[in-house]
$ cat coords05.csv   # CSV, C-alpha atoms
chain,number,residue,atom,x,y,z
G,1,MET,CA,3.1,88.9,235.6
G,2,LYS,CA,1.4,91.4,237.9
G,3,ARG,CA,0.2,93.3,234.8
G,4,PHE,CA,-1.2,90.1,233.4
G,5,LEU,CA,-3.1,89.3,236.6
G,6,LEU,CA,-4.4,92.8,236.8
G,7,THR,CA,-5.7,92.6,233.2
G,8,LEU,CA,-7.3,89.2,233.9
G,9,ALA,CA,-9.0,90.6,237.0
G,10,LEU,CA,-10.4,93.6,235.2
G,11,SER,CA,-11.6,91.3,232.4
G,12,VAL,CA,-13.4,89.1,234.9
G,13,LEU,CA,-15.0,92.1,236.7
G,14,THR,CA,-16.2,93.5,233.3
G,15,ALA,CA,-17.7,90.2,232.4
G,16,LEU,CA,-19.5,89.9,235.7
G,17,SER,CA,-20.7,93.5,235.5
G,18,VAL,CA,-22.8,92.7,232.4
G,19,CYS,CA,-25.4,90.1,233.2
G,20,ALA,CA,-28.0,88.4,231.1
G,21,LEU,CA,-31.6,89.4,231.6
G,22,GLU,CA,-34.2,86.7,231.5
G,23,ALA,CA,-37.5,86.7,229.7
G,24,LYS,CA,-39.9,84.8,232.0
G,25,VAL,CA,-43.1,83.5,230.4
G,26,VAL,CA,-46.0,84.6,232.7
G,27,SER,CA,-48.9,83.5,230.5
G,28,VAL,CA,-49.6,81.4,227.4
G,29,THR,CA,-52.8,81.0,225.4
G,30,GLY,CA,-53.2,78.5,222.6
G,31,LYS,CA,-50.1,77.2,220.8
G,32,VAL,CA,-46.8,78.9,221.5
G,33,GLU,CA,-43.5,77.2,220.5
G,34,GLN,CA,-39.8,77.9,220.8
G,35,GLN,CA,-37.3,76.8,218.2
G,36,ARG,CA,-34.7,74.2,219.3
G,37,GLY,CA,-32.3,73.4,216.5
G,38,ALA,CA,-34.4,72.0,213.6
G,39,SER,CA,-37.4,71.3,216.0
G,40,TRP,CA,-40.0,73.3,217.8
G,41,VAL,CA,-41.0,72.7,221.4
G,42,ALA,CA,-44.0,74.0,223.4
G,43,VAL,CA,-43.5,77.1,225.5
G,44,ASN,CA,-45.3,76.9,228.9
G,45,THR,CA,-46.0,79.4,231.7
G,46,GLY,CA,-43.0,79.6,233.9
G,47,ASP,CA,-40.4,78.9,231.2
G,48,VAL,CA,-37.4,81.2,231.0
G,49,LEU,CA,-36.3,82.4,227.6
G,50,GLN,CA,-32.7,83.5,226.9
G,51,LYS,CA,-31.1,85.8,224.3
G,52,GLY,CA,-31.3,84.1,220.9
G,53,ALA,CA,-34.6,82.4,221.5
G,54,VAL,CA,-37.0,82.3,218.6
G,55,ILE,CA,-40.7,81.9,219.5
G,56,SER,CA,-43.8,81.4,217.3
G,57,THR,CA,-47.5,81.7,218.1
G,58,GLY,CA,-50.4,80.1,216.3
G,59,PHE,CA,-54.0,81.1,215.5
G,60,ASN,CA,-55.8,82.7,218.5
G,61,SER,CA,-52.6,82.3,220.5
G,62,GLU,CA,-50.4,84.6,222.5
G,63,ALA,CA,-47.7,84.7,225.1
G,64,THR,CA,-46.8,87.4,227.7
G,65,LEU,CA,-43.2,87.7,228.8
G,66,ASP,CA,-41.8,89.6,231.9
G,67,ILE,CA,-38.4,91.1,231.4
G,68,ASN,CA,-37.3,92.7,234.7
G,69,GLY,CA,-40.7,94.4,235.1
G,70,THR,CA,-41.3,95.1,231.4
G,71,LYS,CA,-44.4,93.2,230.0
G,72,LEU,CA,-44.0,92.0,226.4
G,73,LYS,CA,-47.1,90.5,224.8
G,74,VAL,CA,-46.5,88.4,221.7
G,75,GLY,CA,-49.7,88.4,219.5
G,76,ALA,CA,-51.2,85.6,217.4
G,77,LEU,CA,-49.4,84.4,214.3
G,78,THR,CA,-46.1,86.1,215.4
G,79,ARG,CA,-42.6,85.0,214.9
G,80,MET,CA,-40.2,86.8,217.2
G,81,THR,CA,-36.4,86.6,217.9
G,82,ILE,CA,-34.9,87.9,221.2
G,83,GLU,CA,-31.8,89.7,219.9
G,84,GLN,CA,-30.5,91.1,223.2
G,85,LEU,CA,-31.1,90.6,226.9
G,86,ALA,CA,-28.4,92.3,229.1
G,87,ASP,CA,-27.9,94.5,232.1
G,88,ASN,CA,-25.2,96.2,234.1
G,89,ALA,CA,-25.1,98.5,237.1
G,90,SER,CA,-26.9,101.4,235.3
G,91,LYS,CA,-28.7,100.0,232.3
G,92,ASP,CA,-31.0,97.3,231.0
G,93,GLU,CA,-31.0,96.5,227.3
G,94,THR,CA,-33.6,94.5,225.5
G,95,GLN,CA,-34.0,94.1,221.7
G,96,VAL,CA,-36.5,91.9,219.8
G,97,PHE,CA,-37.1,91.3,216.1
G,98,ILE,CA,-40.5,90.4,214.7
G,99,ASP,CA,-40.6,88.7,211.3
G,100,SER,CA,-44.4,88.6,211.3
G,101,GLY,CA,-47.4,89.4,213.5
G,102,LYS,CA,-47.3,92.0,216.3
G,103,VAL,CA,-46.1,92.7,219.8
G,104,GLN,CA,-47.3,95.0,222.6
G,105,ALA,CA,-44.8,96.3,225.2
G,106,ASP,CA,-45.4,98.1,228.5
G,107,VAL,CA,-41.8,99.1,229.2
G,108,SER,CA,-40.9,99.7,232.9
G,109,HIS,CA,-38.8,102.5,234.1
G,110,THR,CA,-36.9,103.7,237.2
G,111,GLU,CA,-35.8,107.2,238.1
G,112,ASN,CA,-32.0,106.5,238.1
G,113,ARG,CA,-31.6,103.6,235.7
G,114,ARG,CA,-31.6,103.6,231.9
G,115,ASN,CA,-33.8,101.0,230.2
G,116,SER,CA,-33.1,100.6,226.5
G,117,PHE,CA,-35.9,98.7,224.7
G,118,LYS,CA,-36.0,98.3,221.0
G,119,VAL,CA,-38.4,96.5,218.6
G,120,ARG,CA,-37.3,95.8,215.1
G,121,SER,CA,-38.9,94.4,212.0
G,122,PRO,CA,-38.0,94.1,208.3
G,123,VAL,CA,-39.9,97.4,207.8
G,124,ALA,CA,-39.4,99.6,210.9
G,125,THR,CA,-37.5,100.2,214.1
G,126,ALA,CA,-38.8,101.6,217.4
G,127,SER,CA,-36.8,102.6,220.5
G,128,VAL,CA,-38.9,103.1,223.6
G,129,ARG,CA,-38.5,103.8,227.3
G,130,GLY,CA,-41.1,104.0,230.0
G,131,THR,CA,-43.6,103.6,227.2
G,132,ASN,CA,-46.7,101.5,226.3
G,133,ILE,CA,-46.6,100.6,222.5
G,134,GLU,CA,-47.9,98.3,219.8
G,135,MET,CA,-45.9,97.4,216.7
G,136,TYR,CA,-46.7,95.2,213.7
G,137,ALA,CA,-44.0,93.5,211.6
G,138,SER,CA,-45.4,95.2,208.6
G,139,GLY,CA,-44.7,98.6,210.1
G,140,PRO,CA,-47.8,100.2,211.8
G,141,PHE,CA,-46.8,101.5,215.2
G,142,SER,CA,-48.9,103.1,218.0
G,143,VAL,CA,-47.9,104.8,221.3
G,144,PHE,CA,-50.5,104.6,224.1
G,145,GLU,CA,-48.3,106.1,226.9
G,146,GLY,CA,-44.9,107.8,226.9
G,147,MET,CA,-43.0,108.4,223.7
G,148,ALA,CA,-40.8,106.5,221.2
G,149,ASP,CA,-38.3,107.0,218.4
G,150,TYR,CA,-39.6,105.4,215.2
G,151,GLY,CA,-38.0,105.0,211.8
G,152,PRO,CA,-37.2,102.7,208.9
G,153,ALA,CA,-35.7,99.3,209.4
G,154,GLU,CA,-32.0,98.9,210.4
G,155,SER,CA,-31.8,95.4,208.7
G,156,LEU,CA,-34.1,92.9,207.1
G,157,VAL,CA,-33.2,89.9,209.4
G,158,ALA,CA,-32.7,89.2,213.1
G,159,GLU,CA,-29.2,89.7,214.5
G,160,ILE,CA,-28.2,88.3,217.9
G,161,LEU,CA,-26.1,90.9,219.6
G,162,ASP,CA,-22.8,89.7,221.2
G,163,ALA,CA,-22.5,92.4,223.8
G,164,MET,CA,-24.3,95.3,225.4
G,165,THR,CA,-24.5,98.3,223.0
G,166,GLU,CA,-24.8,101.9,224.2
G,167,GLY,CA,-26.6,103.3,221.1
G,168,GLY,CA,-28.2,106.9,221.8
G,169,SER,CA,-27.7,109.2,224.7
G,170,GLN,CA,-30.4,108.3,227.2
G,171,LEU,CA,-31.3,110.6,230.0
G,172,PRO,CA,-32.8,109.8,233.5
G,173,TYR,CA,-36.5,108.9,233.0
G,174,SER,CA,-39.0,111.7,233.2
G,175,ILE,CA,-42.6,112.0,231.9
G,176,PRO,CA,-42.3,112.8,228.2
G,177,THR,CA,-43.8,116.0,226.7
G,178,VAL,CA,-44.0,117.3,223.2
G,179,PHE,CA,-40.6,118.8,223.7
G,180,THR,CA,-38.8,115.6,224.8
G,181,SER,CA,-36.0,114.6,222.5
G,182,ALA,CA,-36.0,111.2,220.8
G,183,LEU,CA,-32.5,110.7,222.2
G,184,ALA,CA,-34.0,110.4,225.6
G,185,VAL,CA,-35.5,107.1,224.7
G,186,GLY,CA,-32.4,105.7,223.0
G,187,GLY,CA,-33.3,106.8,219.5
G,188,SER,CA,-30.8,108.3,217.1
G,189,TYR,CA,-32.3,108.7,213.6
G,190,GLY,CA,-36.1,108.3,213.7
G,191,THR,CA,-39.1,110.4,214.4
G,192,PRO,CA,-40.5,111.1,217.9
G,193,ILE,CA,-43.9,109.5,218.3
G,194,TYR,CA,-46.0,110.6,221.4
G,195,ALA,CA,-48.9,109.2,223.3
G,196,GLY,CA,-52.0,109.0,221.2
G,197,TRP,CA,-50.1,109.0,218.0
G,198,SER,CA,-49.8,106.2,215.4
G,199,SER,CA,-47.5,106.0,212.4
G,200,TYR,CA,-46.3,103.8,209.6
G,201,ILE,CA,-43.5,103.6,207.0
G,202,GLN,CA,-44.4,104.7,203.5
G,203,ASP,CA,-42.6,104.8,200.2
G,204,SER,CA,-42.5,108.5,199.4
G,205,GLY,CA,-41.7,108.0,195.7
G,206,LEU,CA,-39.2,110.9,196.1
G,207,PRO,CA,-35.5,111.2,196.9
G,208,ALA,CA,-34.5,110.4,200.4
G,209,ARG,CA,-33.0,113.7,201.8
G,210,PRO,CA,-35.4,116.6,202.5
G,211,GLU,CA,-33.2,119.1,200.5
G,212,GLU,CA,-33.2,116.7,197.6
G,213,ILE,CA,-37.0,116.5,197.7
G,214,LEU,CA,-37.4,120.3,197.7
G,215,SER,CA,-34.9,120.5,194.8
G,216,TYR,CA,-36.8,117.8,192.9
G,217,LEU,CA,-40.2,119.5,193.4
G,218,THR,CA,-38.7,122.8,192.4
G,219,GLU,CA,-37.4,121.3,189.2
G,220,ILE,CA,-40.7,119.7,188.2
G,221,THR,CA,-43.0,122.5,189.3
G,222,GLY,CA,-41.0,125.7,188.9
G,223,ILE,CA,-42.0,126.8,192.4
G,224,SER,CA,-39.3,128.2,194.6
G,225,THR,CA,-37.8,126.2,197.4
G,226,GLU,CA,-38.9,128.7,200.0
G,227,SER,CA,-42.5,128.6,198.8
G,228,LEU,CA,-42.4,124.8,198.8
G,229,THR,CA,-41.1,124.8,202.3
G,230,GLN,CA,-43.9,127.1,203.5
G,231,ARG,CA,-46.6,125.1,201.6
G,232,GLU,CA,-45.3,121.8,203.0
G,233,SER,CA,-45.3,123.2,206.6
G,234,THR,CA,-48.8,124.6,206.2
G,235,ALA,CA,-50.2,121.3,204.7
G,236,SER,CA,-48.6,119.2,207.5
G,237,SER,CA,-50.0,121.4,210.2
G,238,SER,CA,-53.5,121.4,208.8
G,239,GLN,CA,-53.6,117.6,208.2
G,240,GLY,CA,-51.9,116.7,211.5
G,241,ILE,CA,-49.3,114.7,209.6
G,242,ASP,CA,-45.5,114.9,209.7
G,243,SER,CA,-44.5,114.1,206.1
G,244,GLY,CA,-40.7,114.5,206.8
G,245,VAL,CA,-38.3,111.8,205.6
G,246,ALA,CA,-36.7,109.9,208.5
G,247,GLY,CA,-33.7,107.6,208.6
G,248,GLY,CA,-32.1,108.6,205.4
G,249,SER,CA,-33.4,105.6,203.5
G,250,ALA,CA,-34.2,106.2,199.8
G,251,ASN,CA,-37.8,106.7,199.1
G,252,VAL,CA,-38.9,106.0,202.7
G,253,ARG,CA,-40.6,108.3,205.2
G,254,VAL,CA,-42.5,108.1,208.4
G,255,VAL,CA,-46.2,109.2,208.3
G,256,ILE,CA,-47.7,110.2,211.6
G,257,ARG,CA,-51.3,110.3,212.6
G,258,THR,CA,-51.9,112.5,215.7
G,259,GLY,CA,-54.8,110.4,217.0
G,260,ASN,CA,-55.5,106.7,217.3
$ encode --input "coords05.csv" --output "structure tokens"
Amino acid sequence: MKRFLLTLALSVLTALSVCALEAKVVSVTGKVEQQRGASWVAVNTGDVLQKGAVISTGFNSEATLDINGTKLKVGALTRMTIEQLADNASKDETQVFIDSGKVQADVSHTENRRNSFKVRSPVATASVRGTNIEMYASGPFSVFEGMADYGPAESLVAEILDAMTEGGSQLPYSIPTVFTSALAVGGSYGTPIYAGWSSYIQDSGLPARPEEILSYLTEITGISTESLTQRESTASSSQGIDSGVAGGSANVRVVIRTGN
């Protein structure tokens, strides 16, 4: 009996330690709606959105949400699902999925607290922390401040998360440099994108893994792998583009432009 009560108490404490964040609507322009069953209802300034909310914006319309200090602007003609809103003693976790349109996020940070913020679409995935970004559902992504981990889509549809996920090894926030690891922003498989850079997902037309690409090119050109590696590195440096394949998805790579 004592063991049962102890287990129950621990379960209650665990449940209480993970609380739901709220997405407060701080501004609305034009027509913005939230799905309620089979119907759509107007979203107004001051409304509070919970995990699982699906919102849609019309022509010349937008909404700005405040999630514990993070500002998320939902652009015109955007359909967005809030997949996760959770926090515990040391970490906030927010995740959204955009089927269409674009979002801009100015992600807050604190010195001793982790803040996992992820934007997903049917084309791409971005993990950011202490970062100002813009992402389109069709894939184009820009970083205005900070850095992000950017790569191919994890799934083609929105998925409401049941519990907080740890995902990536996040470090206490510090100002990113060109040497900062993507793991510091909660990424695990993508390409680091830094302030002033933009990127997009492209069908490479080649096998997915880098070693397979080099083998494939060697086969069709007769040029050695070592020579190909040197040529690829030189070409990438001169063009300011990282043509490496990210995420392990077949025929998909991240193309980076080192200047907006």
$ closest_residue --input "coords05.csv" --among "G:Glu159, G:Asp106, G:Asp203, G:Glu33" --to "Val254 in chain G" --atoms "only C-alpha atoms"
G:Asp203
$ atom_distance --input "coords05.csv" --atom1 "CA of Ile256 in chain G" --atom2 "CA of Ile133 in chain G"
14.6 Å
$ closest_residue --input "coords05.csv" --among "G:Ala42, G:Val48, G:Val28, G:Ala86" --to "Lys73 in chain G" --atoms "all atoms listed in the file"
G:Val28
$ closest_residue --input "coords05.csv" --among "G:Pro152, G:Gly37, G:Gly69, G:Gly101" --to "Thr57 in chain G" --atoms "all atoms listed in the file"
G:Gly101
$ residues_around --input "coords05.csv" --residues "Gln95 in chain G" --least-positions-apart "4" --cutoff "8 Å" --atoms "all atoms listed in the file" --output "PyMOL selection string"
chain G and resi 82-85+117-120
$ write_last_selection --input "coords05.csv" --atoms "C-alpha atoms" --output "PDB file, in the frame of the given file"
ATOM      1  CA  ILE G  82     -34.900  87.900 221.200  1.00  0.00           C
ATOM      2  CA  GLU G  83     -31.800  89.700 219.900  1.00  0.00           C
ATOM      3  CA  GLN G  84     -30.500  91.100 223.200  1.00  0.00           C
ATOM      4  CA  LEU G  85     -31.100  90.600 226.900  1.00  0.00           C
ATOM      5  CA  PHE G 117     -35.900  98.700 224.700  1.00  0.00           C
ATOM      6  CA  LYS G 118     -36.000  98.300 221.000  1.00  0.00           C
ATOM      7  CA  VAL G 119     -38.400  96.500 218.600  1.00  0.00           C
ATOM      8  CA  ARG G 120     -37.300  95.800 215.100  1.00  0.00           C
TER       9      ARG G 120
END
$ atom_distance --input "coords05.csv" --atom1 "CA of Glu93 in chain G" --atom2 "CA of Trp40 in chain G"
26.6 Å
$ axis_aligned_box --input "coords05.csv" --around "range 92-111 of chain G" --padding-each-side "5 Å" --output "JSON"
{"center_x": -39.2, "center_y": 97.9, "center_z": 224.7, "size_x": 26.4, "size_y": 28.6, "size_z": 36.8}
